[in-house]
>>> print(open('query-v1.pdb').read())   # PDB, C-alpha atoms and all ligand atoms
ATOM      1  CA  MET A   1     -25.667   8.432  58.463
ATOM      2  CA  ALA A   2     -26.838   8.927  54.867
ATOM      3  CA  ASP A   3     -27.564  12.441  53.697
ATOM      4  CA  ILE A   4     -31.286  13.261  53.489
ATOM      5  CA  GLY A   5     -31.082  13.663  49.703
ATOM      6  CA  GLN A   6     -29.763  10.110  49.442
ATOM      7  CA  VAL A   7     -32.484   8.854  51.773
ATOM      8  CA  ILE A   8     -35.190  10.464  49.660
ATOM      9  CA  ASP A   9     -33.604   9.059  46.481
ATOM     10  CA  SER A  10     -33.669   5.599  48.059
ATOM     11  CA  LEU A  11     -37.448   5.804  48.568
ATOM     12  CA  ARG A  12     -38.220   6.534  44.916
ATOM     13  CA  HIS A  13     -40.845   4.172  43.429
ATOM     14  CA  GLY A  14     -40.686   2.082  46.570
ATOM     15  CA  VAL A  15     -42.957   0.636  49.208
ATOM     16  CA  ILE A  16     -42.686   2.089  52.705
ATOM     17  CA  VAL A  17     -44.315  -0.142  55.288
ATOM     18  CA  SER A  18     -46.050   1.498  58.218
ATOM     19  CA  CYS A  19     -45.495  -0.661  61.312
ATOM     20  CA  GLN A  20     -47.819   0.743  63.944
ATOM     21  CA  ALA A  21     -49.910  -0.691  66.752
ATOM     22  CA  LEU A  22     -51.606   1.426  69.386
ATOM     23  CA  GLU A  23     -51.897   0.416  73.037
ATOM     24  CA  HIS A  24     -55.330  -1.176  72.670
ATOM     25  CA  GLU A  25     -54.265  -3.321  69.686
ATOM     26  CA  PRO A  26     -53.101  -6.948  69.979
ATOM     27  CA  MET A  27     -49.809  -6.352  68.144
ATOM     28  CA  TYR A  28     -48.845  -3.491  70.491
ATOM     29  CA  GLY A  29     -45.210  -3.696  71.541
ATOM     30  CA  SER A  30     -41.885  -2.591  70.079
ATOM     31  CA  HIS A  31     -40.642  -6.162  69.602
ATOM     32  CA  HIS A  32     -43.629  -6.915  67.351
ATOM     33  CA  MET A  33     -43.065  -3.740  65.366
ATOM     34  CA  ALA A  34     -39.357  -4.480  64.967
ATOM     35  CA  ALA A  35     -40.188  -7.961  63.645
ATOM     36  CA  MET A  36     -42.697  -6.426  61.209
ATOM     37  CA  ALA A  37     -40.012  -4.043  59.997
ATOM     38  CA  VAL A  38     -37.517  -6.853  59.415
ATOM     39  CA  ALA A  39     -40.156  -8.789  57.476
ATOM     40  CA  ALA A  40     -40.909  -5.678  55.407
ATOM     41  CA  LYS A  41     -37.225  -5.244  54.594
ATOM     42  CA  GLN A  42     -36.887  -8.876  53.584
ATOM     43  CA  GLY A  43     -39.901  -8.385  51.320
ATOM     44  CA  GLY A  44     -38.220  -5.483  49.547
ATOM     45  CA  ALA A  45     -39.596  -2.404  51.308
ATOM     46  CA  VAL A  46     -37.475   0.739  51.018
ATOM     47  CA  GLY A  47     -38.509   2.389  54.296
ATOM     48  CA  ILE A  48     -40.484   2.017  57.500
ATOM     49  CA  ARG A  49     -43.032   4.368  59.021
ATOM     50  CA  ALA A  50     -43.270   4.015  62.791
ATOM     51  CA  ASN A  51     -44.968   5.647  65.765
ATOM     52  CA  THR A  52     -43.405   6.429  69.173
ATOM     53  CA  PRO A  53     -39.748   6.853  70.126
ATOM     54  CA  ALA A  54     -39.730   3.349  71.654
ATOM     55  CA  ASP A  55     -40.850   1.639  68.429
ATOM     56  CA  ILE A  56     -38.515   3.755  66.311
ATOM     57  CA  ALA A  57     -35.528   2.901  68.520
ATOM     58  CA  ALA A  58     -36.381  -0.825  68.469
ATOM     59  CA  ILE A  59     -36.817  -0.842  64.690
ATOM     60  CA  LYS A  60     -33.559   1.065  64.267
ATOM     61  CA  GLN A  61     -31.738  -1.680  66.187
ATOM     62  CA  SER A  62     -32.955  -4.524  64.020
ATOM     63  CA  CYS A  63     -33.611  -3.020  60.593
ATOM     64  CA  SER A  64     -31.313  -0.840  58.479
ATOM     65  CA  LEU A  65     -34.057   0.852  56.417
ATOM     66  CA  PRO A  66     -34.653   4.602  56.809
ATOM     67  CA  ILE A  67     -37.440   5.360  59.278
ATOM     68  CA  MET A  68     -40.191   7.918  58.742
ATOM     69  CA  GLY A  69     -40.950   8.548  62.400
ATOM     70  CA  ILE A  70     -44.048   9.991  63.999
ATOM     71  CA  TYR A  71     -45.226  10.381  67.564
ATOM     72  CA  LYS A  72     -48.983  10.527  68.011
ATOM     73  CA  GLN A  73     -50.020  12.664  70.964
ATOM     74  CA  GLU A  74     -53.250  14.424  71.867
ATOM     75  CA  TYR A  75     -53.464  17.979  73.201
ATOM     76  CA  PRO A  76     -56.562  19.553  74.770
ATOM     77  CA  ASP A  77     -56.470  22.683  72.592
ATOM     78  CA  SER A  78     -56.028  21.038  69.172
ATOM     79  CA  ASP A  79     -57.170  18.146  66.957
ATOM     80  CA  VAL A  80     -53.650  17.777  65.546
ATOM     81  CA  PHE A  81     -52.175  14.475  66.737
ATOM     82  CA  ILE A  82     -49.378  13.361  64.382
ATOM     83  CA  THR A  83     -46.127  14.753  65.853
ATOM     84  CA  PRO A  84     -47.950  17.909  66.970
ATOM     85  CA  THR A  85     -45.073  19.844  68.568
ATOM     86  CA  LEU A  86     -41.292  20.076  68.747
ATOM     87  CA  HIS A  87     -41.446  18.109  71.991
ATOM     88  CA  GLU A  88     -42.528  14.977  70.096
ATOM     89  CA  ALA A  89     -40.403  15.765  67.029
ATOM     90  CA  LYS A  90     -37.250  15.900  69.142
ATOM     91  CA  GLN A  91     -37.965  12.454  70.604
ATOM     92  CA  VAL A  92     -38.579  11.048  67.118
ATOM     93  CA  ALA A  93     -35.240  12.479  65.955
ATOM     94  CA  ASP A  94     -33.380  11.245  69.037
ATOM     95  CA  ALA A  95     -34.782   7.746  68.514
ATOM     96  CA  GLY A  96     -33.047   7.594  65.133
ATOM     97  CA  ALA A  97     -35.616   8.528  62.471
ATOM     98  CA  SER A  98     -34.260   9.850  59.148
ATOM     99  CA  LEU A  99     -37.527  11.637  58.431
ATOM    100  CA  ILE A 100     -40.128  13.155  60.745
ATOM    101  CA  ALA A 101     -43.724  13.205  59.580
ATOM    102  CA  VAL A 102     -45.853  15.996  61.035
ATOM    103  CA  ASP A 103     -49.487  16.998  60.708
ATOM    104  CA  ALA A 104     -49.390  19.719  58.052
ATOM    105  CA  THR A 105     -53.080  20.550  57.994
ATOM    106  CA  LEU A 106     -54.207  24.142  58.445
ATOM    107  CA  ARG A 107     -55.949  23.382  61.738
ATOM    108  CA  ARG A 108     -55.054  25.127  64.969
ATOM    109  CA  ARG A 109     -51.950  23.545  66.466
ATOM    110  CA  PRO A 110     -51.214  23.087  70.188
ATOM    111  CA  GLY A 111     -50.359  26.393  71.820
ATOM    112  CA  GLY A 112     -51.279  28.242  68.622
ATOM    113  CA  GLN A 113     -47.937  27.443  66.983
ATOM    114  CA  THR A 114     -47.857  27.637  63.184
ATOM    115  CA  LEU A 115     -46.682  24.841  60.887
ATOM    116  CA  GLN A 116     -43.929  27.152  59.647
ATOM    117  CA  GLN A 117     -42.661  27.675  63.199
ATOM    118  CA  LEU A 118     -42.653  23.936  63.861
ATOM    119  CA  MET A 119     -40.834  23.129  60.612
ATOM    120  CA  GLN A 120     -38.208  25.813  61.259
ATOM    121  CA  ALA A 121     -37.698  24.543  64.802
ATOM    122  CA  ILE A 122     -37.216  20.966  63.540
ATOM    123  CA  LYS A 123     -34.673  22.090  60.959
ATOM    124  CA  MET A 124     -32.801  24.075  63.621
ATOM    125  CA  LEU A 125     -32.819  21.069  65.908
ATOM    126  CA  ASP A 126     -31.466  18.769  63.212
ATOM    127  CA  PRO A 127     -30.719  20.212  59.761
ATOM    128  CA  GLY A 128     -30.031  16.682  58.482
ATOM    129  CA  ILE A 129     -33.492  15.329  59.136
ATOM    130  CA  GLY A 130     -36.195  15.291  56.466
ATOM    131  CA  ILE A 131     -39.685  16.634  57.058
ATOM    132  CA  VAL A 132     -42.714  14.825  55.703
ATOM    133  CA  ALA A 133     -45.903  16.906  55.589
ATOM    134  CA  ASP A 134     -48.993  14.793  56.288
ATOM    135  CA  VAL A 135     -51.854  16.566  54.521
ATOM    136  CA  SER A 136     -55.554  16.060  53.857
ATOM    137  CA  THR A 137     -56.221  18.552  51.040
ATOM    138  CA  PHE A 138     -54.599  20.112  47.967
ATOM    139  CA  GLU A 139     -54.368  23.511  49.682
ATOM    140  CA  GLU A 140     -52.488  21.983  52.621
ATOM    141  CA  GLY A 141     -50.144  20.196  50.231
ATOM    142  CA  VAL A 142     -49.324  23.392  48.353
ATOM    143  CA  ASN A 143     -48.747  25.232  51.639
ATOM    144  CA  ALA A 144     -46.393  22.500  52.888
ATOM    145  CA  MET A 145     -44.459  22.555  49.612
ATOM    146  CA  GLU A 146     -44.090  26.337  49.874
ATOM    147  CA  LEU A 147     -42.814  25.947  53.440
ATOM    148  CA  GLY A 148     -40.102  23.594  52.221
ATOM    149  CA  ALA A 149     -41.305  20.120  53.223
ATOM    150  CA  ASP A 150     -39.052  17.386  51.843
ATOM    151  CA  LEU A 151     -41.991  15.098  51.052
ATOM    152  CA  VAL A 152     -45.771  15.579  51.090
ATOM    153  CA  SER A 153     -47.922  12.597  52.068
ATOM    154  CA  THR A 154     -51.684  12.157  51.630
ATOM    155  CA  THR A 155     -51.911  10.516  55.088
ATOM    156  CA  LEU A 156     -54.719  12.640  56.495
ATOM    157  CA  SER A 157     -57.101  12.695  53.532
ATOM    158  CA  GLY A 158     -60.391  11.368  54.856
ATOM    159  CA  TYR A 159     -59.538  12.050  58.469
ATOM    160  CA  THR A 160     -60.147  15.807  58.763
ATOM    161  CA  PRO A 161     -63.289  17.944  58.481
ATOM    162  CA  ASP A 162     -61.883  19.452  55.249
ATOM    163  CA  SER A 163     -61.563  16.115  53.443
ATOM    164  CA  VAL A 164     -63.933  13.302  52.509
ATOM    165  CA  TYR A 165     -63.480   9.716  53.691
ATOM    166  CA  ARG A 166     -63.421   7.131  50.911
ATOM    167  CA  GLU A 167     -62.870   3.374  50.959
ATOM    168  CA  GLU A 168     -59.999   3.810  48.513
ATOM    169  CA  PRO A 169     -56.843   5.960  48.457
ATOM    170  CA  ASP A 170     -57.316   9.611  47.473
ATOM    171  CA  PHE A 171     -56.073   9.200  43.901
ATOM    172  CA  GLN A 172     -57.277  12.661  42.927
ATOM    173  CA  LEU A 173     -55.243  14.376  45.646
ATOM    174  CA  ILE A 174     -52.145  12.388  44.670
ATOM    175  CA  ARG A 175     -52.660  13.334  41.014
ATOM    176  CA  GLN A 176     -53.253  17.036  41.732
ATOM    177  CA  LEU A 177     -50.253  17.423  44.034
ATOM    178  CA  ALA A 178     -47.944  15.366  41.812
ATOM    179  CA  ALA A 179     -48.977  17.470  38.795
ATOM    180  CA  LEU A 180     -47.343  20.485  40.445
ATOM    181  CA  GLY A 181     -44.052  18.787  39.645
ATOM    182  CA  GLY A 182     -42.317  20.013  42.787
ATOM    183  CA  THR A 183     -41.952  18.245  46.108
ATOM    184  CA  PRO A 184     -42.306  14.466  45.785
ATOM    185  CA  VAL A 185     -45.750  13.177  46.785
ATOM    186  CA  VAL A 186     -46.155  10.047  48.854
ATOM    187  CA  ALA A 187     -49.417   8.122  48.538
ATOM    188  CA  GLU A 188     -50.658   7.030  51.949
ATOM    189  CA  GLY A 189     -53.946   5.898  53.379
ATOM    190  CA  ARG A 190     -56.222   2.931  52.574
ATOM    191  CA  ILE A 191     -53.918   1.262  50.048
ATOM    192  CA  TRP A 192     -55.232  -2.312  50.208
ATOM    193  CA  THR A 193     -54.411  -3.921  46.877
ATOM    194  CA  ILE A 194     -51.724  -4.202  44.235
ATOM    195  CA  GLU A 195     -54.097  -2.402  41.875
ATOM    196  CA  ASP A 196     -54.399   0.476  44.410
ATOM    197  CA  CYS A 197     -50.611   0.667  44.437
ATOM    198  CA  ARG A 198     -50.393   0.739  40.647
ATOM    199  CA  GLN A 199     -53.012   3.471  40.457
ATOM    200  CA  CYS A 200     -51.106   5.564  43.025
ATOM    201  CA  MET A 201     -47.938   5.287  40.935
ATOM    202  CA  GLU A 202     -49.862   6.115  37.740
ATOM    203  CA  ALA A 203     -51.276   9.181  39.514
ATOM    204  CA  GLY A 204     -47.696  10.352  40.009
ATOM    205  CA  ALA A 205     -46.812   9.106  43.494
ATOM    206  CA  TYR A 206     -43.120   9.083  44.331
ATOM    207  CA  ALA A 207     -43.577   6.191  46.763
ATOM    208  CA  VAL A 208     -46.381   4.478  48.651
ATOM    209  CA  VAL A 209     -46.886   3.976  52.383
ATOM    210  CA  ILE A 210     -48.874   0.852  53.235
ATOM    211  CA  GLY A 211     -49.903   0.202  56.819
ATOM    212  CA  THR A 212     -53.057  -1.681  57.763
ATOM    213  CA  ALA A 213     -53.083  -3.977  54.713
ATOM    214  CA  ILE A 214     -49.669  -5.363  55.711
ATOM    215  CA  THR A 215     -49.245  -4.891  59.458
ATOM    216  CA  ARG A 216     -52.679  -5.009  61.130
ATOM    217  CA  PRO A 217     -53.706  -8.695  61.202
ATOM    218  CA  ARG A 218     -56.919  -7.991  63.079
ATOM    219  CA  GLU A 219     -58.166  -5.655  60.336
ATOM    220  CA  ILE A 220     -56.918  -7.951  57.561
ATOM    221  CA  THR A 221     -58.750 -10.905  59.130
ATOM    222  CA  GLY A 222     -61.906  -8.843  59.610
ATOM    223  CA  ARG A 223     -61.938  -7.943  55.944
ATOM    224  CA  PHE A 224     -61.872 -11.602  54.856
ATOM    225  CA  VAL A 225     -64.483 -12.523  57.461
ATOM    226  CA  ARG A 226     -66.849  -9.788  56.324
ATOM    227  CA  ALA A 227     -66.406 -10.840  52.689
ATOM    228  CA  ILE A 228     -67.471 -14.419  53.500
ATOM    229  CA  GLN A 229     -70.374 -13.275  55.661
ATOM    230  CA  ARG A 230     -71.687 -11.214  52.777
ATOM    231  CA  GLU A 231     -71.655 -14.410  50.643
ATOM    232  CA  ARG A 232     -73.837 -16.378  53.102
TER     233      ARG A 232
HETATM  234  C1  LIG A 301     -54.890   8.910  59.816
HETATM  235  C2  LIG A 301     -53.783   8.286  60.615
HETATM  236  O1  LIG A 301     -53.754   8.398  61.805
HETATM  237  N1  LIG A 301     -52.841   7.621  59.917
HETATM  238  C3  LIG A 301     -51.752   6.999  60.591
HETATM  239  C4  LIG A 301     -50.508   7.665  60.246
HETATM  240  O2  LIG A 301     -49.415   7.302  60.464
HETATM  241  C5  LIG A 301     -51.735   5.487  60.543
HETATM  242  O3  LIG A 301     -52.704   5.073  61.478
HETATM  243  C6  LIG A 301     -52.015   4.777  59.193
HETATM  244  O4  LIG A 301     -52.012   3.403  59.436
HETATM  245  C7  LIG A 301     -51.004   5.093  58.104
HETATM  246  O5  LIG A 301     -51.214   6.389  57.637
HETATM  247  C8  LIG A 301     -51.065   4.148  56.898
HETATM  248  O6  LIG A 301     -52.345   4.129  56.371
HETATM  249  P1  LIG A 301     -53.136   2.745  56.140
HETATM  250  O7  LIG A 301     -53.099   1.988  57.429
HETATM  251  O8  LIG A 301     -54.517   3.124  55.738
HETATM  252  O9  LIG A 301     -52.402   1.995  55.046
END
>>> encode(input="query-v1.pdb", output="structure tokens")
Amino acid sequence: MADIGQVIDSLRHGVIVSCQALEHEPMYGSHHMAAMAVAAKQGGAVGIRANTPADIAAIKQSCSLPIMGIYKQEYPDSDVFITPTLHEAKQVADAGASLIAVDATLRRRPGGQTLQQLMQAIKMLDPGIGIVADVSTFEEGVNAMELGADLVSTTLSGYTPDSVYREEPDFQLIRQLAALGGTPVVAEGRIWTIEDCRQCMEAGAYAVVIGTAITRPREITGRFVRAIQRER
């Protein structure tokens, strides 16, 4: 398997496609996600973001791109849901992900564990795996960089009480974190257009993660439908 430095180099200035469907969504199923990943690779993507060990394992079988794996799980004592504990991280690693993305917000984590403890435990489990810190604010990004995250992603901006939801990507957060000139910053969340992508790169993004706009046909259809209805 490629060394994590090589994996991160391979993502530079590239498009990572997030292939995710939750249980209530029509595209739910690992075979659908694996087909999405193959299509993304054929289109020139450099990596895949995927949720659940089952989807990661299926994608790994059919697509050679590096996988940024997550495992969404809810715990009663915390609002953190993206790979909240080592229990999920281990399954993501075992399924074949090159990178594990974890919630790196400053919110209380399940069992009161700290982000530092989780990151150390992941590195002990598999020193060769990369850690992606999913953040919602500048402060969280700086903290994750100080803790040694391999990549920082703006995934959670707009989805936590400390951040503001916008229709567009959080260009300001990308710009501020990238300006630190340290850990590479991945732009993720609500990238819908080519112009959004360009603006993310101009703001200093190392790579972009695009999910819904490529892999959620229900939401893509709804967007076109709403646009026409507004014209009536
Ligand atoms: C907040 C949260 O749970 N984000 C998730 C993280 O993996 C996914 O549901 C998103 O689809 C992904 O971040 C890509 O973003 P977008 O689909 O907007 O391109």
>>> residues_near_ligand(input="query-v1.pdb", ligand="ligand LIG 301 (chain A)", cutoff="10 Å", atoms="only C-alpha atoms and all ligand atoms", output="ChimeraX atom specification")
/A:16-22,49-51,68-72,81-83,101-103,134-136,153-160,167-169,187-192,208-216,219
>>> write_last_selection(input="query-v1.pdb", atoms="C-alpha atoms", output="compact mmCIF listing (two decimals), in the coordinates of the input")
# COMPACT_ATOMS: atom_id res chain seq x y z
CA ILE A 16 -42.69 2.09 52.70
CA VAL A 17 -44.32 -0.14 55.29
CA SER A 18 -46.05 1.50 58.22
CA CYS A 19 -45.50 -0.66 61.31
CA GLN A 20 -47.82 0.74 63.94
CA ALA A 21 -49.91 -0.69 66.75
CA LEU A 22 -51.61 1.43 69.39
CA ARG A 49 -43.03 4.37 59.02
CA ALA A 50 -43.27 4.01 62.79
CA ASN A 51 -44.97 5.65 65.76
CA MET A 68 -40.19 7.92 58.74
CA GLY A 69 -40.95 8.55 62.40
CA ILE A 70 -44.05 9.99 64.00
CA TYR A 71 -45.23 10.38 67.56
CA LYS A 72 -48.98 10.53 68.01
CA PHE A 81 -52.18 14.48 66.74
CA ILE A 82 -49.38 13.36 64.38
CA THR A 83 -46.13 14.75 65.85
CA ALA A 101 -43.72 13.20 59.58
CA VAL A 102 -45.85 16.00 61.04
CA ASP A 103 -49.49 17.00 60.71
CA ASP A 134 -48.99 14.79 56.29
CA VAL A 135 -51.85 16.57 54.52
CA SER A 136 -55.55 16.06 53.86
CA SER A 153 -47.92 12.60 52.07
CA THR A 154 -51.68 12.16 51.63
CA THR A 155 -51.91 10.52 55.09
CA LEU A 156 -54.72 12.64 56.50
CA SER A 157 -57.10 12.70 53.53
CA GLY A 158 -60.39 11.37 54.86
CA TYR A 159 -59.54 12.05 58.47
CA THR A 160 -60.15 15.81 58.76
CA GLU A 167 -62.87 3.37 50.96
CA GLU A 168 -60.00 3.81 48.51
CA PRO A 169 -56.84 5.96 48.46
CA ALA A 187 -49.42 8.12 48.54
CA GLU A 188 -50.66 7.03 51.95
CA GLY A 189 -53.95 5.90 53.38
CA ARG A 190 -56.22 2.93 52.57
CA ILE A 191 -53.92 1.26 50.05
CA TRP A 192 -55.23 -2.31 50.21
CA VAL A 208 -46.38 4.48 48.65
CA VAL A 209 -46.89 3.98 52.38
CA ILE A 210 -48.87 0.85 53.24
CA GLY A 211 -49.90 0.20 56.82
CA THR A 212 -53.06 -1.68 57.76
CA ALA A 213 -53.08 -3.98 54.71
CA ILE A 214 -49.67 -5.36 55.71
CA THR A 215 -49.24 -4.89 59.46
CA ARG A 216 -52.68 -5.01 61.13
CA GLU A 219 -58.17 -5.66 60.34
>>> atom_distance(input="query-v1.pdb", atom1="atom CA of Gly96 of chain A", atom2="atom CA of Gly5 of chain A")
16.7 Å
>>> closest_residue(input="query-v1.pdb", among="A:Gln172, A:Gln61, A:Ser10, A:Gln116", to="Glu202 of chain A", atoms="only C-alpha atoms")
A:Gln172
>>> residues_near_point(input="query-v1.pdb", point="(-35.2, -6.3, 61.2)", cutoff="12 Å", atoms="all atoms listed in the file", output="PyMOL selection string")
chain A and resi 19+30-43+45+47-48+56-66
>>> atom_distance(input="query-v1.pdb", atom1="atom CA of Gly148 of chain A", atom2="atom CA of Pro161 of chain A")
24.7 Å
>>> atom_distance(input="query-v1.pdb", atom1="atom CA of Leu180 of chain A", atom2="atom CA of Val132 of chain A")
16.9 Å
>>> closest_residue(input="query-v1.pdb", among="A:Phe138, A:Thr105, A:Ala144, A:Asp94", to="Leu125 of chain A", atoms="all atoms listed in the file")
A:Asp94
>>> residues_near_point(input="query-v1.pdb", point="(-46.1, 2.1, 42.7)", cutoff="12 Å", atoms="only C-alpha atoms", output="NGL selection string")
:A and (11-16 or 45 or 185-188 or 191 or 193-210)
>>> closest_residue(input="query-v1.pdb", among="A:Val80, A:Ala227, A:Ala54, A:Ile67", to="Ile100 of chain A", atoms="only C-alpha atoms")
A:Ile67
>>> decode(input="query-v1.pdb", residues="segment 142-220 of chain A", atoms="C-alpha atoms", output="compact mmCIF listing (two decimals), in the first residue's frame")
# COMPACT_ATOMS: atom_id res chain seq x y z
CA VAL A 142 -6.03 25.45 14.20
CA ASN A 143 -6.50 22.98 17.07
CA ALA A 144 -6.55 20.02 14.66
CA MET A 145 -3.41 21.27 12.92
CA GLU A 146 -1.65 21.59 16.28
CA LEU A 147 -2.70 18.03 17.14
CA GLY A 148 -1.06 16.77 13.96
CA ALA A 149 -3.96 16.09 11.58
CA ASP A 150 -2.74 15.17 8.09
CA LEU A 151 -5.50 17.17 6.39
CA VAL A 152 -8.13 19.62 7.66
CA SER A 153 -11.51 19.65 5.91
CA THR A 154 -14.27 22.26 6.17
CA THR A 155 -16.92 19.49 6.21
CA LEU A 156 -18.82 20.62 9.29
CA SER A 157 -19.05 24.35 8.63
CA GLY A 158 -22.75 25.17 8.74
CA TYR A 159 -23.67 22.06 10.66
CA THR A 160 -22.67 22.96 14.23
CA PRO A 161 -23.95 25.57 16.69
CA ASP A 162 -20.60 27.41 16.36
CA SER A 163 -20.86 27.91 12.60
CA VAL A 164 -23.35 29.55 10.25
CA TYR A 165 -25.15 27.67 7.48
CA ARG A 166 -24.79 29.21 4.03
CA GLU A 167 -26.01 28.09 0.61
CA GLU A 168 -22.43 28.20 -0.66
CA PRO A 169 -19.14 26.68 0.52
CA ASP A 170 -17.42 28.43 3.44
CA PHE A 171 -14.84 30.25 1.31
CA GLN A 172 -13.76 32.42 4.23
CA LEU A 173 -12.90 29.44 6.43
CA ILE A 174 -10.95 27.83 3.58
CA ARG A 175 -9.05 31.08 3.01
CA GLN A 176 -8.28 31.65 6.70
CA LEU A 177 -7.06 28.10 7.34
CA ALA A 178 -5.08 27.91 4.10
CA ALA A 179 -3.40 31.24 4.92
CA LEU A 180 -1.74 29.57 7.91
CA GLY A 181 0.39 27.76 5.35
CA GLY A 182 0.60 24.55 7.36
CA THR A 183 -1.59 21.47 7.10
CA PRO A 184 -3.31 21.20 3.71
CA VAL A 185 -6.93 22.36 3.75
CA VAL A 186 -9.64 20.45 1.94
CA ALA A 187 -12.72 22.36 0.83
CA GLU A 188 -15.86 20.37 1.56
CA GLY A 189 -19.53 21.14 1.88
CA ARG A 190 -22.08 22.60 -0.57
CA ILE A 191 -19.78 22.71 -3.60
CA TRP A 192 -22.37 22.72 -6.40
CA THR A 193 -20.74 24.39 -9.39
CA ILE A 194 -17.51 24.62 -11.33
CA GLU A 195 -17.29 28.24 -10.20
CA ASP A 196 -17.59 27.10 -6.54
CA CYS A 197 -14.70 24.73 -7.19
CA ARG A 198 -12.56 27.45 -8.75
CA GLN A 199 -13.25 29.78 -5.85
CA CYS A 200 -12.25 27.06 -3.35
CA MET A 201 -8.94 26.58 -5.16
CA GLU A 202 -8.38 30.36 -5.34
CA ALA A 203 -9.03 30.52 -1.58
CA GLY A 204 -6.12 28.12 -1.13
CA ALA A 205 -7.78 24.70 -0.98
CA TYR A 206 -5.47 21.74 -1.46
CA ALA A 207 -8.29 19.63 -2.90
CA VAL A 208 -12.08 19.65 -3.01
CA VAL A 209 -14.59 17.06 -1.79
CA ILE A 210 -17.84 17.06 -3.75
CA GLY A 211 -20.72 14.89 -2.61
CA THR A 212 -24.36 15.80 -3.18
CA ALA A 213 -23.80 17.65 -6.47
CA ILE A 214 -22.36 14.48 -8.03
CA THR A 215 -23.76 11.49 -6.15
CA ARG A 216 -27.22 12.38 -4.80
CA PRO A 217 -29.60 12.24 -7.79
CA ARG A 218 -32.66 13.00 -5.68
CA GLU A 219 -31.18 16.30 -4.49
CA ILE A 220 -29.81 17.15 -7.94
